[in-house]
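Contents: one structure, followed by commentary.
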Number of protein chains: 4
Amino acid sequence: MSGHVRRVLLVHDDREYLVEPGEEFGTDLGVLEVPEDVEPGETLETHLGTAFRVRALRGPDLFHHFERTGAPMVPRDVGLVIGETGISVGDRVLDAGTGTGVLAASMARAGASVVTYERDPDFADVARENMALAGVADAVEVRAGDVLESLESLVDEPEFDVLTLDTGDAPSMVEQAPTLLVDGGFLAVYSPFVEDSREVVETAHEVGLTDVRTHETIQREMDFDGRGSRPSTAPVGHTGYLTVARTT
Amino acid sequence: MSGHVRRVLLVHDDREYLVEPGEEFGTDLGVLEVPEDVEPGETLETHLGTAFRVRALRGPDLFHHFERTGAPMVPRDVGLVIGETGISVGDRVLDAGTGTGVLAASMARAGASVVTYERDPDFADVARENMALAGVADAVEVRAGDVLESLESLVDEPEFDVLTLDTGDAPSMVEQAPTLLVDGGFLAVYSPFVEDSREVVETAHEVGLTDVRTHETIQREMDFDGRGSRPSTAPVGHTGYLTVARTT
Amino acid sequence: MSGHVRRVLLVHDDREYLVEPGEEFGTDLGVLEVPEDVEPGETLETHLGTAFRVRALRGPDLFHHFERTGAPMVPRDVGLVIGETGISVGDRVLDAGTGTGVLAASMARAGASVVTYERDPDFADVARENMALAGVADAVEVRAGDVLESLESLVDEPEFDVLTLDTGDAPSMVEQAPTLLVDGGFLAVYSPFVEDSREVVETAHEVGLTDVRTHETIQREMDFDGRGSRPSTAPVGHTGYLTVARTT
Amino acid sequence: MSGHVRRVLLVHDDREYLVEPGEEFGTDLGVLEVPEDVEPGETLETHLGTAFRVRALRGPDLFHHFERTGAPMVPRDVGLVIGETGISVGDRVLDAGTGTGVLAASMARAGASVVTYERDPDFADVARENMALAGVADAVEVRAGDVLESLESLVDEPEFDVLTLDTGDAPSMVEQAPTLLVDGGFLAVYSPFVEDSREVVETAHEVGLTDVRTHETIQREMDFDGRGSRPSTAPVGHTGYLTVARTT
């Protein structure tokens, strides 16, 4: 994974640690050196004799291992953004706001170069550490600041393939989508509320975007037991609406 | 995008063609040569003077431009598989059955190397052409045949990070997941029916997979018009259940 | 059913007619007299020898047999109103606007006395005929006019047990709920749009109603065939939000 | 409400009691006699001076005030049964199994005469008390025993208009639906599991019922606050599938 620093998970019972091959790792269970060529399936032992299984780090692990500065986007919604915009190797993505950074890191893991804006400088610092944890520090540039105030410099950069927004003032950025995106590029806006989604849709139409759609996703788990099969009685709540649109 | 042949879309009114930079392209609207360094946003003209806009090819375009050998997986479900399994650059994925190949191509576009099995040799040929169309022929190996009959050779290959199944006899492959996958690898099984999902879940538990979950996804579009906002009265039907599980 | 004129259905192939015991009934298939003591399960023959099966008229038949002045409320939503408000024998219900009258007729069939307002005098005439068809002309008073302009006389009548609204200006009526309803009475407002539902909820809170809840109902049919069981791929769209509240 | 004993609720703060006009009512807050002509909206005082507001008893109150012998059917599902079968004044309903009795009582309140079977004699006793609480003891006959063992005597009774089932062995009763129901009568079967619903549907087809449909209902509440409108993040789980069919 060029530009990516590989990470693995060390697992002992219900304890999991994200580590970098080559690093020295220590807890109350002892100290060990993670081999540069460590592979999932191996077992490592601390100097106190505690065994850790090595597991591959995968996207859904980010949700659990990132330091949180807010509610991170769930794997389902990360997948919907990636699927609906077709994130792929070589993409240039503009993302705002970063938050915990799960979406930015996941898009980077799928091969995209991501520029992401986080208004709160402390949150931006945390997001940068999270990108390092995910092994995508090289692929994600976390910029502290308001993306709307950076528009002048952004229009001087090459156009982006995808614009992902998870901010309260998304409509102002949607106005800029035709300028910031390549032809056929995708906009994806995540908003918890109907009113915000509506404003995004109206703005998208006003600035000439096409294929404007707002998806609502209801997901349930199925229960299979000795009595039969049914949707879980332990239910799943609303996360957000996803509006997708495209430049012409 | 290393190993990927770049493709772009030529768009004129409601006609869209997927082309390769450098190729000669011709229709009843005339002939043109697609420049090697063509970029989205440019306009190309045929010898008859018809203008084509150049657009970036993105994942959701595959759904419309692939030759179909069955109902292709919709972008939403492609996204859910990618999000729930964390598909990323460098992944090795084993996929069966290929079908139209939208899932295989989309995972390849997100950086994965995919080995995919399609039982019908004619369908496998179509899938190979679709991989070329998507610019991921190098990243996806389409094997004609039954994956279950290839197990002996598969276990000699390096372990896979992810196993994706969209076949009627998925449970038999689920039994092999612990052998075929790295530690911490993901299994994702797509099945339209409750009974099949149930059998997949039971098998997953039997062979010791963890975090076994079957998701059902109901997605609706929102309508925003002058009268107000509401879920669309033009509804969306069931596609399939997605069962996800992980090796330990 | 005191105050109710019994109706039965005459069924021949896919033709169904709602008739009153004692009436003379004639179509191109011939003429017959419906006995006063006709019972479901009997067969009647026209003078031309065509046989009609007699079926009981039930609430869901109203949806198909009423003359429509707009989209009638579906049996599911009729049921939700009845279930959430607990419509029962002896209830006094105030309903606006009548529309086709399926809700008013169904509540009357469950024993309620209904006063219903319909702004369009022609629609009110149709609704009156529909009430006769349903055998509840005595239990439903269809008033042509705007319920808001009739408030002065309404407050002089005994209080109502339930207030059901399916009109664009529902919030103005919600303001009157504490005056018009008995203690512990129910308000039920059906509105297709989010914004209208929101306004209803805000008004309900302002005038001191309790247990204010807006339900959204998504209903799907299941398909059971030789391949397995699954939610129907032929889907069901949004009908409306149902807001329920109670006086204290 | 003929055959019904009127009940009212006495409410003080968050305490609610179901009482019968004319009864003497006592708690630690004092004693009072409930007037025969008590009306909702009045206030009654105990001999200790504690004030109780009088509220009308309505269907949804049964859910909270009945003594439970299992999870009672929620008002939404009660409404769906009533709406889909068109329960009305004068109906004869056969119901099994009674359980807590919310459905039987609600149908009786809508004017039906209900014969309901409960296998557990102690549960049947509780159900009888619940019917008295709801004021419908005259309209609901709770029979202790297995409805399947009572078939011989049931076929000697007049036919029923509606058959409602909430039991594990519903399919065996579905077989009897054509014998027990009038022409055009409705069957409604409530089952939590897919497999049971499937068996009910297959049996319904085998015995010649028509309009066989299994509904799944997903209901969510909407949240309206200062930030906007959205489906509740506190979600609602699956209750059961409702299969409805009709005799020809």
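Lettering and numbering for the structure tokens are positional, with chains as A, B, ... in the shown order, residues counted from 1 in each chain, and ligands counted from 1 in the shown order.
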Please provide as a list of chain:residue names all residues within 7 Å of stretch 91-97 of chain D, with the sequence filter that same-chain residues fewer than 5 positions apart are discarded (counting only C-alpha atoms).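 Non-adjacent residues within range: D:Ala112, D:Ser113, D:Val114, D:Val115, D:Thr116, D:Tyr117, D:Glu118, D:Val147, D:Phe160, D:Asp161, D:Val162, D:Leu163, D:Thr164, D:Leu165, D:Asp166, D:Thr167.
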Can you check which residues of chain C have any atom within 12 Å of chain A? Use only C-alpha atoms and format it as a ChimeraX atom specification. /C:193-195,198,218,229-231
As a PyMOL selection string, please: the residues near stretch 55-64 of chain D (cut-off 7 Å, only C-alpha atoms, same-chain neighbours under 2 positions excluded). (chain C and resi 84-86+183-185) or (chain D and resi 7-10+40-41+53+66+72+74-75+102+106+134)
Next, dump the selected residues to file, keeping only N, CA, C and O atoms, as a compact mmCIF listing (two decimals), in the first residue's frame.
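Output saved as selection_19.txt:
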# COMPACT_ATOMS: atom_id res chain seq x y z
N GLU C 84 -54.44 3.49 17.76
CA GLU C 84 -53.71 4.45 18.59
C GLU C 84 -54.66 5.34 19.39
O GLU C 84 -54.27 5.90 20.42
N THR C 85 -55.91 5.51 18.91
CA THR C 85 -56.87 6.35 19.64
C THR C 85 -57.87 5.48 20.40
O THR C 85 -58.63 6.01 21.21
N GLY C 86 -57.89 4.17 20.12
CA GLY C 86 -58.80 3.28 20.84
C GLY C 86 -60.26 3.51 20.52
O GLY C 86 -61.12 3.42 21.41
N ASP C 183 -61.41 15.12 28.74
CA ASP C 183 -60.17 14.77 29.42
C ASP C 183 -59.74 13.36 29.02
O ASP C 183 -60.56 12.43 29.06
N GLY C 184 -58.49 13.20 28.65
CA GLY C 184 -58.03 11.87 28.26
C GLY C 184 -58.42 11.51 26.84
O GLY C 184 -58.23 10.38 26.40
N GLY C 185 -58.99 12.48 26.10
CA GLY C 185 -59.35 12.24 24.71
C GLY C 185 -58.12 12.26 23.82
O GLY C 185 -57.05 12.72 24.21
N ARG D 7 -66.01 2.18 32.32
CA ARG D 7 -64.90 2.35 33.26
C ARG D 7 -64.30 3.73 33.04
O ARG D 7 -64.34 4.25 31.93
N VAL D 8 -63.77 4.31 34.09
CA VAL D 8 -63.04 5.57 33.92
C VAL D 8 -61.70 5.44 34.64
O VAL D 8 -61.49 4.54 35.45
N LEU D 9 -60.81 6.34 34.30
CA LEU D 9 -59.51 6.38 34.96
C LEU D 9 -59.51 7.49 36.00
O LEU D 9 -59.96 8.61 35.72
N LEU D 10 -59.00 7.18 37.19
CA LEU D 10 -58.76 8.23 38.19
C LEU D 10 -57.26 8.52 38.18
O LEU D 10 -56.45 7.62 38.34
N PRO D 40 -65.69 12.19 32.46
CA PRO D 40 -64.33 12.69 32.25
C PRO D 40 -64.29 14.21 32.42
O PRO D 40 -65.22 14.90 32.00
N GLY D 41 -63.25 14.71 33.05
CA GLY D 41 -63.12 16.15 33.25
C GLY D 41 -63.49 16.55 34.67
O GLY D 41 -63.06 17.60 35.16
N ARG D 53 -58.36 13.42 39.07
CA ARG D 53 -59.03 13.81 37.84
C ARG D 53 -59.63 12.55 37.21
O ARG D 53 -59.05 11.47 37.27
N PHE D 66 -53.78 -3.51 32.11
CA PHE D 66 -54.08 -4.94 32.22
C PHE D 66 -52.99 -5.65 33.03
O PHE D 66 -51.81 -5.28 32.94
N PRO D 72 -48.11 -7.96 26.12
CA PRO D 72 -49.38 -7.67 25.43
C PRO D 72 -49.13 -7.08 24.05
O PRO D 72 -48.07 -6.52 23.79
N VAL D 74 -49.11 -4.47 21.23
CA VAL D 74 -49.03 -3.00 21.29
C VAL D 74 -50.19 -2.39 20.50
O VAL D 74 -50.71 -3.01 19.57
N PRO D 75 -50.59 -1.15 20.87
CA PRO D 75 -51.73 -0.49 20.20
C PRO D 75 -51.59 -0.47 18.67
O PRO D 75 -52.58 -0.64 17.96
N VAL D 102 -55.39 -7.98 25.38
CA VAL D 102 -55.55 -6.62 24.84
C VAL D 102 -56.28 -6.65 23.50
O VAL D 102 -57.16 -5.83 23.24
N SER D 106 -59.93 -5.03 22.85
CA SER D 106 -60.03 -3.92 21.90
C SER D 106 -61.06 -4.21 20.83
O SER D 106 -61.79 -3.30 20.40
N ALA D 134 -61.75 -3.76 31.55
CA ALA D 134 -61.98 -3.00 30.32
C ALA D 134 -63.46 -2.74 30.08
O ALA D 134 -63.83 -2.07 29.12
Could you give the RMSD, in Å, left over when chain C is least-squares superposed onto chain B across all Cα atoms paired sequentially?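 Fitting chain C to chain B over paired C-alpha atoms yields 0.0 Å.
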Excluding same-chain residues fewer than 3 positions from D:Glu206, what lies within 12 Å of it counting only C-alpha atoms, as an NGL selection string? :D and (171-172 or 174-178 or 199-203 or 209-210 or 212)
Name the residues in contact with D:Ser88 at a cut-off of 6 Å, using only C-alpha atoms, excluding same-chain residues fewer than 5 positions from it; report them as a list in words.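 Surrounding residues, per the criterion: Arg109 and Ala110 of chain C; Ala110 and Gly111 of chain D.
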Can you pull out the residues contacting B:Met73? Cut-off 10 Å, using only C-alpha atoms, and skip same-chain residues under 2 positions away; I want them as a PyMOL selection string. chain B and resi 63+70-71+75-79+99-103+166+190+239-240
If DSSP is run on the backbone, what residues of stretch 103-213 of chain D are strand (DSSP E or B)? A reply as number ranges by chain would be ideal. D: 113-118, 140-144, 160-165, 181-191, 210-213
I need the residues of stretch 43-144 of chain D that end up classed as helix (DSSP H, G or I) by DSSP on the backbone, written out as a PDB file with N, CA, C and O atoms, in the first residue's frame.
ATOM      1  N   GLY D  59     -58.789   2.563  24.563  1.00  0.00           N
ATOM      2  CA  GLY D  59     -58.078   1.339  24.211  1.00  0.00           C
ATOM      3  C   GLY D  59     -56.612   1.321  24.608  1.00  0.00           C
ATOM      4  O   GLY D  59     -56.135   0.370  25.244  1.00  0.00           O
ATOM      5  N   PRO D  60     -55.842   2.351  24.248  1.00  0.00           N
ATOM      6  CA  PRO D  60     -54.414   2.317  24.575  1.00  0.00           C
ATOM      7  C   PRO D  60     -54.141   2.226  26.077  1.00  0.00           C
ATOM      8  O   PRO D  60     -53.066   1.803  26.477  1.00  0.00           O
ATOM      9  N   ASP D  61     -55.118   2.611  26.913  1.00  0.00           N
ATOM     10  CA  ASP D  61     -54.923   2.472  28.361  1.00  0.00           C
ATOM     11  C   ASP D  61     -54.864   1.002  28.779  1.00  0.00           C
ATOM     12  O   ASP D  61     -54.231   0.669  29.789  1.00  0.00           O
ATOM     13  N   LEU D  62     -55.523   0.148  28.004  1.00  0.00           N
ATOM     14  CA  LEU D  62     -55.550  -1.276  28.373  1.00  0.00           C
ATOM     15  C   LEU D  62     -54.134  -1.838  28.412  1.00  0.00           C
ATOM     16  O   LEU D  62     -53.795  -2.662  29.255  1.00  0.00           O
ATOM     17  N   PHE D  63     -53.320  -1.373  27.475  1.00  0.00           N
ATOM     18  CA  PHE D  63     -51.932  -1.847  27.396  1.00  0.00           C
ATOM     19  C   PHE D  63     -51.209  -1.632  28.724  1.00  0.00           C
ATOM     20  O   PHE D  63     -50.390  -2.453  29.138  1.00  0.00           O
ATOM     21  N   HIS D  64     -51.520  -0.546  29.391  1.00  0.00           N
ATOM     22  CA  HIS D  64     -50.823  -0.220  30.641  1.00  0.00           C
ATOM     23  C   HIS D  64     -51.512  -0.780  31.885  1.00  0.00           C
ATOM     24  O   HIS D  64     -50.869  -1.049  32.881  1.00  0.00           O
ATOM     25  N   HIS D  65     -52.824  -0.957  31.829  1.00  0.00           N
ATOM     26  CA  HIS D  65     -53.556  -1.300  33.050  1.00  0.00           C
ATOM     27  C   HIS D  65     -53.900  -2.777  33.192  1.00  0.00           C
ATOM     28  O   HIS D  65     -54.290  -3.204  34.268  1.00  0.00           O
ATOM     29  N   PRO D  75     -50.592  -1.149  20.869  1.00  0.00           N
ATOM     30  CA  PRO D  75     -51.728  -0.491  20.200  1.00  0.00           C
ATOM     31  C   PRO D  75     -51.587  -0.468  18.675  1.00  0.00           C
ATOM     32  O   PRO D  75     -52.578  -0.638  17.958  1.00  0.00           O
ATOM     33  N   ARG D  76     -50.393  -0.299  18.187  1.00  0.00           N
ATOM     34  CA  ARG D  76     -50.175  -0.293  16.742  1.00  0.00           C
ATOM     35  C   ARG D  76     -50.631  -1.602  16.114  1.00  0.00           C
ATOM     36  O   ARG D  76     -51.331  -1.603  15.098  1.00  0.00           O
ATOM     37  N   ASP D  77     -50.247  -2.730  16.702  1.00  0.00           N
ATOM     38  CA  ASP D  77     -50.600  -4.019  16.109  1.00  0.00           C
ATOM     39  C   ASP D  77     -52.082  -4.330  16.301  1.00  0.00           C
ATOM     40  O   ASP D  77     -52.722  -4.924  15.433  1.00  0.00           O
ATOM     41  N   VAL D  78     -52.629  -3.912  17.451  1.00  0.00           N
ATOM     42  CA  VAL D  78     -54.078  -4.026  17.635  1.00  0.00           C
ATOM     43  C   VAL D  78     -54.789  -3.281  16.507  1.00  0.00           C
ATOM     44  O   VAL D  78     -55.722  -3.797  15.872  1.00  0.00           O
ATOM     45  N   GLY D  79     -54.326  -2.073  16.229  1.00  0.00           N
ATOM     46  CA  GLY D  79     -54.937  -1.271  15.171  1.00  0.00           C
ATOM     47  C   GLY D  79     -54.810  -1.930  13.813  1.00  0.00           C
ATOM     48  O   GLY D  79     -55.756  -1.924  13.016  1.00  0.00           O
ATOM     49  N   LEU D  80     -53.647  -2.514  13.538  1.00  0.00           N
ATOM     50  CA  LEU D  80     -53.465  -3.157  12.232  1.00  0.00           C
ATOM     51  C   LEU D  80     -54.431  -4.323  12.064  1.00  0.00           C
ATOM     52  O   LEU D  80     -55.023  -4.502  11.007  1.00  0.00           O
ATOM     53  N   VAL D  81     -54.617  -5.131  13.120  1.00  0.00           N
ATOM     54  CA  VAL D  81     -55.568  -6.236  13.038  1.00  0.00           C
ATOM     55  C   VAL D  81     -56.978  -5.696  12.784  1.00  0.00           C
ATOM     56  O   VAL D  81     -57.703  -6.171  11.896  1.00  0.00           O
ATOM     57  N   ILE D  82     -57.360  -4.690  13.550  1.00  0.00           N
ATOM     58  CA  ILE D  82     -58.709  -4.125  13.402  1.00  0.00           C
ATOM     59  C   ILE D  82     -58.891  -3.505  12.020  1.00  0.00           C
ATOM     60  O   ILE D  82     -59.924  -3.689  11.366  1.00  0.00           O
ATOM     61  N   GLY D  83     -57.877  -2.783  11.549  1.00  0.00           N
ATOM     62  CA  GLY D  83     -57.987  -2.122  10.244  1.00  0.00           C
ATOM     63  C   GLY D  83     -57.995  -3.109   9.089  1.00  0.00           C
ATOM     64  O   GLY D  83     -58.784  -2.973   8.144  1.00  0.00           O
ATOM     65  N   GLU D  84     -57.134  -4.112   9.155  1.00  0.00           N
ATOM     66  CA  GLU D  84     -57.018  -5.044   8.028  1.00  0.00           C
ATOM     67  C   GLU D  84     -58.185  -6.027   7.970  1.00  0.00           C
ATOM     68  O   GLU D  84     -58.464  -6.591   6.909  1.00  0.00           O
ATOM     69  N   THR D  85     -58.834  -6.271   9.109  1.00  0.00           N
ATOM     70  CA  THR D  85     -59.985  -7.188   9.107  1.00  0.00           C
ATOM     71  C   THR D  85     -61.305  -6.424   9.159  1.00  0.00           C
ATOM     72  O   THR D  85     -62.359  -7.015   8.976  1.00  0.00           O
ATOM     73  N   VAL D 102     -55.394  -7.981  25.383  1.00  0.00           N
ATOM     74  CA  VAL D 102     -55.547  -6.624  24.839  1.00  0.00           C
ATOM     75  C   VAL D 102     -56.278  -6.649  23.502  1.00  0.00           C
ATOM     76  O   VAL D 102     -57.159  -5.827  23.242  1.00  0.00           O
ATOM     77  N   LEU D 103     -55.939  -7.602  22.636  1.00  0.00           N
ATOM     78  CA  LEU D 103     -56.601  -7.649  21.334  1.00  0.00           C
ATOM     79  C   LEU D 103     -58.088  -7.983  21.488  1.00  0.00           C
ATOM     80  O   LEU D 103     -58.943  -7.309  20.911  1.00  0.00           O
ATOM     81  N   ALA D 104     -58.398  -9.008  22.295  1.00  0.00           N
ATOM     82  CA  ALA D 104     -59.800  -9.385  22.492  1.00  0.00           C
ATOM     83  C   ALA D 104     -60.598  -8.208  23.050  1.00  0.00           C
ATOM     84  O   ALA D 104     -61.694  -7.895  22.570  1.00  0.00           O
ATOM     85  N   ALA D 105     -60.057  -7.540  24.050  1.00  0.00           N
ATOM     86  CA  ALA D 105     -60.772  -6.421  24.662  1.00  0.00           C
ATOM     87  C   ALA D 105     -60.956  -5.280  23.661  1.00  0.00           C
ATOM     88  O   ALA D 105     -62.013  -4.639  23.620  1.00  0.00           O
ATOM     89  N   SER D 106     -59.930  -5.032  22.849  1.00  0.00           N
ATOM     90  CA  SER D 106     -60.026  -3.923  21.904  1.00  0.00           C
ATOM     91  C   SER D 106     -61.059  -4.208  20.826  1.00  0.00           C
ATOM     92  O   SER D 106     -61.792  -3.303  20.396  1.00  0.00           O
ATOM     93  N   MET D 107     -61.136  -5.454  20.372  1.00  0.00           N
ATOM     94  CA  MET D 107     -62.148  -5.797  19.374  1.00  0.00           C
ATOM     95  C   MET D 107     -63.545  -5.695  19.982  1.00  0.00           C
ATOM     96  O   MET D 107     -64.483  -5.245  19.328  1.00  0.00           O
ATOM     97  N   ALA D 108     -63.657  -6.093  21.251  1.00  0.00           N
ATOM     98  CA  ALA D 108     -64.951  -5.978  21.927  1.00  0.00           C
ATOM     99  C   ALA D 108     -65.352  -4.514  22.073  1.00  0.00           C
ATOM    100  O   ALA D 108     -66.515  -4.148  21.895  1.00  0.00           O
ATOM    101  N   ARG D 109     -64.386  -3.682  22.386  1.00  0.00           N
ATOM    102  CA  ARG D 109     -64.691  -2.254  22.510  1.00  0.00           C
ATOM    103  C   ARG D 109     -65.150  -1.667  21.178  1.00  0.00           C
ATOM    104  O   ARG D 109     -65.885  -0.673  21.140  1.00  0.00           O
ATOM    105  N   PRO D 121     -55.144 -22.235  32.264  1.00  0.00           N
ATOM    106  CA  PRO D 121     -56.346 -21.828  33.020  1.00  0.00           C
ATOM    107  C   PRO D 121     -56.094 -20.616  33.915  1.00  0.00           C
ATOM    108  O   PRO D 121     -56.990 -19.780  34.093  1.00  0.00           O
ATOM    109  N   ASP D 122     -54.881 -20.490  34.480  1.00  0.00           N
ATOM    110  CA  ASP D 122     -54.597 -19.331  35.320  1.00  0.00           C
ATOM    111  C   ASP D 122     -54.548 -18.060  34.484  1.00  0.00           C
ATOM    112  O   ASP D 122     -55.035 -17.004  34.886  1.00  0.00           O
ATOM    113  N   PHE D 123     -53.945 -18.177  33.308  1.00  0.00           N
ATOM    114  CA  PHE D 123     -53.910 -17.022  32.414  1.00  0.00           C
ATOM    115  C   PHE D 123     -55.329 -16.646  31.980  1.00  0.00           C
ATOM    116  O   PHE D 123     -55.658 -15.470  31.843  1.00  0.00           O
ATOM    117  N   ALA D 124     -56.166 -17.673  31.781  1.00  0.00           N
ATOM    118  CA  ALA D 124     -57.549 -17.396  31.386  1.00  0.00           C
ATOM    119  C   ALA D 124     -58.265 -16.608  32.482  1.00  0.00           C
ATOM    120  O   ALA D 124     -59.033 -15.683  32.202  1.00  0.00           O
ATOM    121  N   ASP D 125     -57.987 -16.965  33.743  1.00  0.00           N
ATOM    122  CA  ASP D 125     -58.596 -16.224  34.853  1.00  0.00           C
ATOM    123  C   ASP D 125     -58.159 -14.764  34.842  1.00  0.00           C
ATOM    124  O   ASP D 125     -58.967 -13.851  35.022  1.00  0.00           O
ATOM    125  N   VAL D 126     -56.864 -14.555  34.629  1.00  0.00           N
ATOM    126  CA  VAL D 126     -56.361 -13.172  34.576  1.00  0.00           C
ATOM    127  C   VAL D 126     -57.026 -12.425  33.418  1.00  0.00           C
ATOM    128  O   VAL D 126     -57.439 -11.271  33.555  1.00  0.00           O
ATOM    129  N   ALA D 127     -57.142 -13.097  32.285  1.00  0.00           N
ATOM    130  CA  ALA D 127     -57.757 -12.449  31.124  1.00  0.00           C
ATOM    131  C   ALA D 127     -59.200 -12.051  31.429  1.00  0.00           C
ATOM    132  O   ALA D 127     -59.649 -10.968  31.051  1.00  0.00           O
ATOM    133  N   ARG D 128     -59.910 -12.937  32.143  1.00  0.00           N
ATOM    134  CA  ARG D 128     -61.301 -12.597  32.499  1.00  0.00           C
ATOM    135  C   ARG D 128     -61.358 -11.341  33.365  1.00  0.00           C
ATOM    136  O   ARG D 128     -62.213 -10.485  33.184  1.00  0.00           O
ATOM    137  N   GLU D 129     -60.420 -11.267  34.312  1.00  0.00           N
ATOM    138  CA  GLU D 129     -60.387 -10.048  35.136  1.00  0.00           C
ATOM    139  C   GLU D 129     -60.053  -8.823  34.290  1.00  0.00           C
ATOM    140  O   GLU D 129     -60.582  -7.736  34.498  1.00  0.00           O
ATOM    141  N   ASN D 130     -59.167  -9.015  33.328  1.00  0.00           N
ATOM    142  CA  ASN D 130     -58.828  -7.895  32.454  1.00  0.00           C
ATOM    143  C   ASN D 130     -60.041  -7.445  31.634  1.00  0.00           C
ATOM    144  O   ASN D 130     -60.244  -6.245  31.414  1.00  0.00           O
ATOM    145  N   MET D 131     -60.840  -8.391  31.186  1.00  0.00           N
ATOM    146  CA  MET D 131     -62.041  -8.035  30.426  1.00  0.00           C
ATOM    147  C   MET D 131     -62.992  -7.207  31.299  1.00  0.00           C
ATOM    148  O   MET D 131     -63.587  -6.241  30.828  1.00  0.00           O
ATOM    149  N   ALA D 132     -63.088  -7.602  32.578  1.00  0.00           N
ATOM    150  CA  ALA D 132     -63.926  -6.831  33.491  1.00  0.00           C
ATOM    151  C   ALA D 132     -63.369  -5.419  33.647  1.00  0.00           C
ATOM    152  O   ALA D 132     -64.100  -4.423  33.598  1.00  0.00           O
ATOM    153  N   LEU D 133     -62.054  -5.328  33.824  1.00  0.00           N
ATOM    154  CA  LEU D 133     -61.394  -4.013  33.938  1.00  0.00           C
ATOM    155  C   LEU D 133     -61.725  -3.130  32.745  1.00  0.00           C
ATOM    156  O   LEU D 133     -61.904  -1.919  32.864  1.00  0.00           O
TER     157      LEU D 133
END
